[in-house]
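Colleague: My structure file data_9.txt, compact mmCIF, C-alpha atoms and all ligand atoms, is below:
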```txt
# COMPACT_ATOMS: atom_id res chain seq x y z
CA MET A 1 -86.22 11.67 -87.86
CA ILE A 2 -85.63 14.84 -85.86
CA PHE A 3 -88.28 17.01 -84.19
CA ASP A 4 -87.16 20.33 -82.73
CA ILE A 5 -89.88 21.93 -80.62
CA ILE A 6 -89.68 25.66 -79.95
CA THR A 7 -91.56 26.44 -76.72
CA ILE A 8 -91.52 28.59 -73.61
CA PHE A 9 -92.26 25.40 -71.61
CA PRO A 10 -89.54 22.86 -72.53
CA GLY A 11 -90.31 20.88 -69.36
CA TYR A 12 -93.81 20.18 -70.70
CA PHE A 13 -92.40 17.41 -72.90
CA SER A 14 -90.35 15.46 -70.31
CA SER A 15 -92.64 12.61 -69.37
CA PRO A 16 -94.45 12.06 -72.68
CA LEU A 17 -91.04 11.56 -74.29
CA GLU A 18 -89.91 9.07 -71.64
CA GLU A 19 -92.92 6.76 -71.69
CA GLY A 20 -94.06 3.95 -73.96
CA VAL A 21 -93.50 3.67 -77.69
CA LEU A 22 -92.10 7.21 -77.97
CA GLY A 23 -89.67 6.69 -75.07
CA LYS A 24 -88.36 3.50 -76.63
CA ALA A 25 -88.00 5.03 -80.11
CA ILE A 26 -85.91 7.86 -78.63
CA GLU A 27 -83.82 5.41 -76.59
CA GLN A 28 -83.12 3.43 -79.77
CA GLY A 29 -82.20 6.59 -81.67
CA LEU A 30 -84.96 6.10 -84.26
CA ILE A 31 -86.28 9.58 -83.54
CA LYS A 32 -84.82 12.61 -81.80
CA VAL A 33 -87.07 15.11 -80.03
CA ARG A 34 -85.42 18.28 -78.78
CA PRO A 35 -87.38 20.89 -76.88
CA VAL A 36 -85.78 24.28 -77.57
CA ASN A 37 -86.32 26.99 -74.94
CA LEU A 38 -87.56 30.14 -76.65
CA ARG A 39 -86.24 32.20 -73.71
CA ASP A 40 -82.68 31.24 -74.71
CA PHE A 41 -83.19 33.48 -77.75
CA THR A 42 -84.30 36.58 -75.86
CA THR A 43 -81.92 39.49 -75.38
CA ASP A 44 -83.41 41.42 -72.46
CA ARG A 45 -82.86 40.98 -68.74
CA HIS A 46 -86.38 39.59 -68.20
CA LYS A 47 -86.25 37.11 -71.10
CA THR A 48 -89.43 38.59 -72.52
CA THR A 49 -91.35 36.58 -75.15
CA ASP A 50 -94.59 38.60 -75.28
CA ASP A 51 -95.73 42.16 -75.84
CA ARG A 52 -98.91 44.24 -76.03
CA PRO A 53 -100.95 44.01 -79.24
CA TYR A 54 -100.87 46.88 -81.71
CA GLY A 55 -104.43 48.13 -82.05
CA GLY A 56 -105.19 47.31 -78.45
CA GLY A 57 -107.34 44.58 -77.01
CA ALA A 58 -107.05 41.95 -74.31
CA GLY A 59 -104.06 39.69 -73.82
CA MET A 60 -100.54 39.61 -75.17
CA VAL A 61 -98.89 38.60 -78.44
CA MET A 62 -95.80 36.42 -78.87
CA THR A 63 -93.08 38.83 -79.90
CA PRO A 64 -91.39 38.00 -83.25
CA GLY A 65 -87.71 38.61 -82.39
CA PRO A 66 -86.90 35.57 -80.22
CA LEU A 67 -88.99 33.26 -82.44
CA ALA A 68 -87.17 34.41 -85.58
CA LYS A 69 -83.82 33.93 -83.86
CA ALA A 70 -84.70 30.44 -82.66
CA ILE A 71 -85.94 29.36 -86.09
CA SER A 72 -82.88 30.86 -87.85
CA PHE A 73 -80.55 29.12 -85.41
CA LEU A 74 -82.13 25.72 -86.13
CA LYS A 75 -82.40 26.31 -89.89
CA GLU A 76 -78.71 27.23 -90.09
CA ARG A 77 -77.87 23.80 -88.72
CA ASP A 78 -80.16 22.09 -91.27
CA SER A 79 -81.57 24.20 -94.09
CA ARG A 80 -83.89 21.36 -95.20
CA ALA A 81 -85.81 21.40 -91.91
CA LYS A 82 -89.51 22.21 -92.38
CA VAL A 83 -90.99 24.82 -90.03
CA ILE A 84 -94.49 23.98 -88.80
CA LEU A 85 -96.62 26.17 -86.54
CA LEU A 86 -99.30 24.43 -84.47
CA SER A 87 -102.27 26.72 -84.82
CA PRO A 88 -106.08 26.58 -84.77
CA ARG A 89 -106.14 28.01 -88.29
CA GLY A 90 -103.80 25.41 -89.79
CA GLU A 91 -104.48 22.50 -92.14
CA VAL A 92 -106.28 19.84 -90.12
CA PHE A 93 -103.92 17.05 -89.07
CA SER A 94 -104.86 13.54 -90.24
CA HIS A 95 -103.32 10.16 -90.98
CA GLU A 96 -102.50 11.38 -94.51
CA VAL A 97 -100.69 14.45 -93.18
CA ALA A 98 -98.81 12.23 -90.69
CA VAL A 99 -97.66 9.98 -93.56
CA ARG A 100 -96.43 13.04 -95.49
CA LEU A 101 -94.49 14.35 -92.47
CA SER A 102 -92.98 10.93 -91.69
CA ARG A 103 -91.09 11.13 -95.00
CA LEU A 104 -89.21 14.26 -93.84
CA SER A 105 -85.90 14.04 -92.01
CA HIS A 106 -86.32 17.11 -89.81
CA VAL A 107 -89.26 19.22 -88.68
CA ILE A 108 -89.24 22.28 -86.44
CA LEU A 109 -92.48 22.55 -84.47
CA VAL A 110 -93.33 26.03 -83.19
CA CYS A 111 -95.60 26.28 -80.13
CA GLY A 112 -97.49 29.54 -79.74
CA ARG A 113 -98.70 30.91 -76.41
CA TYR A 114 -100.55 34.03 -75.23
CA GLU A 115 -103.29 35.19 -77.65
CA GLY A 116 -101.24 34.40 -80.72
CA ILE A 117 -98.06 35.12 -82.65
CA ASP A 118 -96.93 38.23 -84.53
CA GLU A 119 -98.11 37.57 -88.10
CA ARG A 120 -94.83 38.68 -89.72
CA VAL A 121 -92.77 35.84 -88.30
CA ILE A 122 -95.38 33.40 -89.64
CA GLU A 123 -95.30 35.04 -93.07
CA LYS A 124 -91.50 35.05 -93.30
CA MET A 125 -90.41 31.87 -91.52
CA VAL A 126 -93.23 29.32 -91.16
CA ASP A 127 -93.62 26.77 -93.99
CA GLN A 128 -96.92 25.32 -92.83
CA GLU A 129 -99.60 25.79 -90.17
CA LEU A 130 -101.13 22.63 -88.73
CA SER A 131 -104.19 22.19 -86.47
CA ILE A 132 -104.93 19.01 -84.53
CA GLY A 133 -108.67 19.78 -84.58
CA ASP A 134 -111.30 22.45 -84.27
CA TYR A 135 -110.76 23.57 -80.69
CA VAL A 136 -108.55 26.09 -78.93
CA LEU A 137 -105.65 25.16 -76.66
CA SER A 138 -103.81 27.52 -74.32
CA GLY A 139 -100.63 26.75 -76.22
CA GLY A 140 -99.32 24.67 -79.11
CA GLU A 141 -97.48 22.22 -76.82
CA PRO A 142 -100.18 19.53 -76.53
CA ALA A 143 -100.70 19.74 -80.31
CA ALA A 144 -96.95 19.31 -80.88
CA ILE A 145 -96.82 16.13 -78.79
CA VAL A 146 -99.82 14.74 -80.71
CA VAL A 147 -98.01 15.35 -84.02
CA VAL A 148 -94.73 13.86 -82.72
CA ASP A 149 -96.56 10.74 -81.49
CA ALA A 150 -98.65 10.13 -84.62
CA VAL A 151 -95.74 10.77 -87.02
CA SER A 152 -93.21 8.72 -85.02
CA ARG A 153 -95.45 5.64 -85.22
CA LEU A 154 -94.99 5.75 -89.00
CA VAL A 155 -91.19 5.89 -88.84
CA PRO A 156 -89.79 2.46 -89.78
CA GLY A 157 -88.80 0.44 -86.69
CA VAL A 158 -90.69 2.54 -84.12
CA LEU A 159 -93.50 -0.02 -83.78
CA GLY A 160 -91.30 -3.11 -83.31
CA CYS A 161 -93.40 -5.21 -85.69
CA GLU A 162 -93.06 -3.70 -89.20
CA ASP A 163 -96.67 -4.24 -90.25
CA SER A 164 -98.41 -2.95 -87.11
CA ALA A 165 -98.60 0.64 -88.38
CA MET A 166 -100.24 -0.72 -91.53
CA ALA A 167 -102.71 -2.75 -89.46
CA ASP A 168 -103.69 0.35 -87.48
CA SER A 169 -107.02 2.00 -87.77
CA PHE A 170 -106.92 4.68 -90.52
CA SER A 171 -104.16 3.06 -92.56
CA ASP A 172 -106.97 1.38 -94.49
CA GLY A 173 -109.34 4.26 -93.77
CA LEU A 174 -111.59 2.21 -91.44
CA LEU A 175 -112.13 2.17 -87.69
CA GLU A 176 -110.43 -0.62 -85.78
CA TYR A 177 -112.25 -3.94 -85.14
CA PRO A 178 -112.97 -4.87 -81.47
CA HIS A 179 -110.24 -6.61 -79.47
CA TYR A 180 -110.56 -9.34 -76.84
CA THR A 181 -108.19 -11.06 -74.44
CA ARG A 182 -108.50 -13.35 -71.40
CA PRO A 183 -110.66 -14.15 -69.51
CA ARG A 184 -113.16 -15.83 -71.84
CA GLN A 185 -116.02 -14.64 -69.64
CA PHE A 186 -116.05 -11.09 -68.26
CA MET A 187 -118.94 -9.30 -66.57
CA GLY A 188 -121.36 -11.72 -68.22
CA LEU A 189 -119.95 -11.22 -71.72
CA SER A 190 -118.11 -13.91 -73.66
CA VAL A 191 -115.48 -13.64 -76.39
CA PRO A 192 -116.96 -14.05 -79.90
CA GLU A 193 -116.77 -17.77 -80.80
CA VAL A 194 -114.96 -17.18 -84.11
CA LEU A 195 -111.90 -15.80 -82.29
CA LEU A 196 -111.52 -19.12 -80.41
CA SER A 197 -111.95 -21.23 -83.55
CA GLY A 198 -108.35 -21.12 -84.77
CA ASP A 199 -109.68 -20.57 -88.33
CA HIS A 200 -107.54 -17.61 -89.41
CA GLY A 201 -109.43 -17.03 -92.65
CA ASN A 202 -112.71 -16.74 -90.74
CA ILE A 203 -111.09 -14.55 -88.09
CA ALA A 204 -109.69 -12.13 -90.69
CA ARG A 205 -113.11 -11.95 -92.42
CA TRP A 206 -114.95 -11.37 -89.11
CA ARG A 207 -112.52 -8.60 -88.11
CA ARG A 208 -112.87 -6.89 -91.49
CA GLN A 209 -116.67 -7.02 -91.21
CA GLN A 210 -116.62 -5.64 -87.66
CA ALA A 211 -114.39 -2.78 -88.86
CA LEU A 212 -116.84 -2.09 -91.70
CA ARG A 213 -119.90 -2.31 -89.40
CA LEU A 214 -118.37 0.05 -86.81
CA THR A 215 -117.26 2.53 -89.47
CA LEU A 216 -120.74 2.53 -91.02
CA GLU A 217 -122.36 3.09 -87.60
CA ARG A 218 -120.00 5.74 -86.24
CA ARG A 219 -118.08 7.36 -89.11
CA PRO A 220 -119.91 6.71 -92.40
CA ASP A 221 -117.98 9.70 -93.83
CA LEU A 222 -114.82 7.57 -93.73
CA LEU A 223 -116.30 4.96 -96.09
CA GLU A 224 -116.17 7.42 -98.98
CA LYS A 225 -112.36 7.42 -98.91
CA ALA A 226 -111.76 3.87 -97.62
CA ASP A 227 -110.03 1.21 -99.68
CA LEU A 228 -112.88 -1.30 -100.20
CA ASP A 229 -113.06 -4.50 -102.25
CA ARG A 230 -116.14 -6.23 -103.70
CA ASP A 231 -116.73 -8.35 -100.55
CA ASP A 232 -116.59 -5.17 -98.44
CA TRP A 233 -119.17 -3.46 -100.65
CA GLN A 234 -121.45 -6.51 -100.58
CA PHE A 235 -121.22 -6.67 -96.76
CA LEU A 236 -122.03 -2.94 -96.46
CA LYS A 237 -124.93 -3.31 -98.90
CA ASP A 238 -126.34 -6.12 -96.73
CA LEU A 239 -126.20 -3.68 -93.81
CA GLY A 240 -128.23 -1.19 -95.80
CA TYR A 241 -125.41 1.08 -96.98
CA GLY A 242 -126.18 2.67 -100.30
CA GLY A 243 -123.09 4.80 -100.82
CA LYS A 244 -122.55 8.51 -100.24
CA GLY A 245 -124.97 9.74 -97.57
CA ARG A 246 -127.55 7.08 -98.32
CA LYS A 247 -127.65 4.92 -95.18
CA GLU A 248 -131.35 4.10 -94.72
C1 LIG B 1 -100.86 29.82 -82.61
C2 LIG B 1 -101.74 30.87 -82.69
C3 LIG B 1 -103.06 24.73 -81.81
C4 LIG B 1 -100.95 28.93 -81.54
C5 LIG B 1 -102.67 31.07 -81.71
C6 LIG B 1 -102.60 25.76 -81.00
C7 LIG B 1 -105.23 24.99 -80.89
C8 LIG B 1 -104.38 24.35 -81.75
C9 LIG B 1 -101.89 29.10 -80.53
C10 LIG B 1 -102.76 30.19 -80.61
C11 LIG B 1 -103.51 26.39 -80.14
C12 LIG B 1 -104.89 23.23 -82.62
C13 LIG B 1 -103.25 30.87 -78.31
C14 LIG B 1 -104.98 31.05 -80.02
C15 LIG B 1 -104.32 30.75 -77.27
C16 LIG B 1 -105.99 30.96 -78.92
C17 LIG B 1 -101.93 28.14 -79.39
N1 LIG B 1 -104.80 25.97 -80.11
N2 LIG B 1 -103.72 30.42 -79.61
N3 LIG B 1 -106.20 23.08 -82.74
N4 LIG B 1 -103.17 27.43 -79.32
O1 LIG B 1 -104.09 22.51 -83.18
O2 LIG B 1 -105.46 31.45 -77.70
```
As a first step, turn the structure in this file into structure tokens.
Ligand code: 4H6

Modeller:
Amino acid sequence: MIFDIITIFPGYFSSPLEEGVLGKAIEQGLIKVRPVNLRDFTTDRHKTTDDRPYGGGAGMVMTPGPLAKAISFLKERDSRAKVILLSPRGEVFSHEVAVRLSRLSHVILVCGRYEGIDERVIEKMVDQELSIGDYVLSGGEPAAIVVVDAVSRLVPGVLGCEDSAMADSFSDGLLEYPHYTRPRQFMGLSVPEVLLSGDHGNIARWRRQQALRLTLERRPDLLEKADLDRDDWQFLKDLGYGGKGRKE
């Protein structure tokens, strides 16, 4: 899978793309991430990418010319590439959106800066606007790296073990169960006995119940969409869950 990232700060992406799971996936050629310098598509001596807003007001607007040129250049190389603008007014990014994007072969991520982007380039050349959450960033770059990370994890082979993406929190719509490792005693707390028992049936059941308990406590909204079986429902009922918005 290919991610092109149009930005005025291509250097922003250097270390996140070298480290950890993402670094390894790139090394193995499972994903390609290419920061594209918007300034390479300017035509003036000063490599200008912003201009004053029509109608007045504070701040500057990203000028449409260089953006349109950069997008056209990338689209000419692969007309199937999907153009996504990271923007506070976009569809809110989620596990489901990540799954959808992971099925594409090529996405072009556009990072806005200044106060915003000339609306016409969005209207003509952007396929989708995506937001990583309800807050404002100084630029789309941190949002782009979030999308690249979350989507890459779903690309086959990126997480060594094939079923680890499936085991992740949110794949089943629940929060993750608590994890423990050595030592057995730490700051006065011990590891739950069941995890030392070697009984894998009991361990799986305990983990499922912890995931359900945590989700009920912290994100009951997630239970409405979660994939739950009869044992799950019985366990939640025993905890006092009565379905949609009815925790007593
Ligand atoms: C496009 C339009 C994404 C991009 C405007 C980007 C939050 C998110 C940006 C802007 C972003 C998100 C520029 C408007 C700075 C506010 C870049 N902020 N902004 N939630 N900012 O995914 O001023």

Colleague: Taking into account all atoms listed in the file, which residue in the set A:Leu86, A:Leu175, A:Leu223, A:Ala167 is nearest to ligand LIG 1 (chain B)?

Modeller: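 Looking at the shortest contact to ligand LIG 1 (chain B), the residue is A:Leu86.
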
Colleague: Around ligand LIG 1 (chain B), at most 10 Å away and counting only C-alpha atoms and all ligand atoms, which residues are there? Put them as a ChimeraX atom specification, please.

Modeller: /A:59-62,85-93,110-119,122,129-144,146-147

Colleague: Which residue out of A:Glu96, A:Asp4, A:Asp199, A:Asp44 has the minimum interatomic distance to Lys225 of chain A when all atoms listed in the file are used?

Modeller: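 The closest residue to Lys225 of chain A is A:Glu96.
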
Colleague: Taking into account only C-alpha atoms, which residue in the set A:Ala211, A:Leu189, A:Met1, A:Leu154 is nearest to Ala226 of chain A?

Modeller: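 Closest to Ala226 of chain A of all the choices is A:Ala211.
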
Colleague: Could you list, with a cut-off of 6 Å and counting all atoms listed in the file, the residues of segment 32-93 of chain A near segment 5-16 of chain A, each shown with its nearest atom pair and the distance in Å rounded to one decimal, rows sorted by chain and ascending number, as a Markdown table?

Modeller:
```
| residue | atom | partner | partner_atom | distance |
| --- | --- | --- | --- | --- |
| A:Pro35 | CA | A:Ile5 | CA | 4.6 |
| A:Val36 | CA | A:Ile6 | CA | 4.8 |
| A:Asn37 | CA | A:Thr7 | CA | 5.6 |
| A:Leu38 | CA | A:Ile8 | CA | 5.2 |
```

Colleague: Go ahead and compute the interatomic distance for atom CA of Arg207 of chain A and atom CA of Met166 of chain A, in Å to one decimal.

Modeller: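 We find that atom CA of Arg207 of chain A and atom CA of Met166 of chain A lie 15.0 Å from each other.
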
Colleague: Skip Ala98 of chain A itself and residues of its chain fewer than 3 positions away, then list as a ChimeraX atom specification all residues within 7 Å of it, counting all atoms listed in the file.

Modeller: /A:94-95,101-102,150-151

Colleague: Which residue gives the smallest distance to Arg184 of chain A among A:Leu212, A:Leu196, A:Leu104, A:Val121, with only C-alpha atoms counted?

Modeller: A:Leu196

Colleague: One decimal, Å: what's the distance from atom CA of Gly20 of chain A over to atom CA of Ile2 of chain A, could you say?

Modeller: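 Distance between the two atoms: 18.2 Å.
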
Colleague: Check the smallest atom-to-atom distance from each of A:Val126, A:Val158, A:Leu239, A:Ile71 to Glu27 of chain A using only C-alpha atoms, then report the winner.

Modeller: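 Of A:Val126, A:Val158, A:Leu239, A:Ile71, the one nearest Glu27 of chain A is A:Val158, counting only C-alpha atoms.
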
Colleague: Could you please determine the separation between atom CA of Val107 of chain A and atom CA of Gly65 of chain A in Å, to one decimal place?

Modeller: 20.4 Å

Colleague: Take the point (-122.1, 1.1, -88.9) in the file's coordinates, draw a sphere of radius 12 Å around it, and report as a ChimeraX atom specification every protein, DNA or RNA residue with an atom inside or on it, counting all atoms listed in the file.

Modeller: /A:174-175,177,209-223,235-241,247-248

Colleague: If we count all atoms listed in the file, what is near Lys75 of chain A at a cut-off of 12 Å, once residues fewer than 4 positions away on the same chain are taken out, given as a JSON list (two decimals) with C-alpha atoms, keeping the file's coordinate frame?

Modeller:
```json
[["chain", "number", "residue", "atom", "x", "y", "z"],
["A", 4, "ASP", "CA", -87.16, 20.33, -82.73],
["A", 68, "ALA", "CA", -87.17, 34.41, -85.58],
["A", 69, "LYS", "CA", -83.82, 33.93, -83.86],
["A", 70, "ALA", "CA", -84.70, 30.44, -82.66],
["A", 71, "ILE", "CA", -85.94, 29.36, -86.09],
["A", 79, "SER", "CA", -81.57, 24.20, -94.09],
["A", 80, "ARG", "CA", -83.89, 21.36, -95.20],
["A", 81, "ALA", "CA", -85.81, 21.40, -91.91],
["A", 82, "LYS", "CA", -89.51, 22.21, -92.38],
["A", 83, "VAL", "CA", -90.99, 24.82, -90.03],
["A", 106, "HIS", "CA", -86.32, 17.11, -89.81],
["A", 107, "VAL", "CA", -89.26, 19.22, -88.68],
["A", 108, "ILE", "CA", -89.24, 22.28, -86.44],
["A", 125, "MET", "CA", -90.41, 31.87, -91.52],
["A", 126, "VAL", "CA", -93.23, 29.32, -91.16],
["A", 127, "ASP", "CA", -93.62, 26.77, -93.99]]
```

Colleague: Residues near Ile26 of chain A, anyone? I mean within 12 Å using all atoms listed in the file, not counting same-chain ones fewer than 4 positions away, as a PyMOL selection string.

Modeller: chain A and resi 1-3+16-22+30-34+148-149+152-153+155+157-158
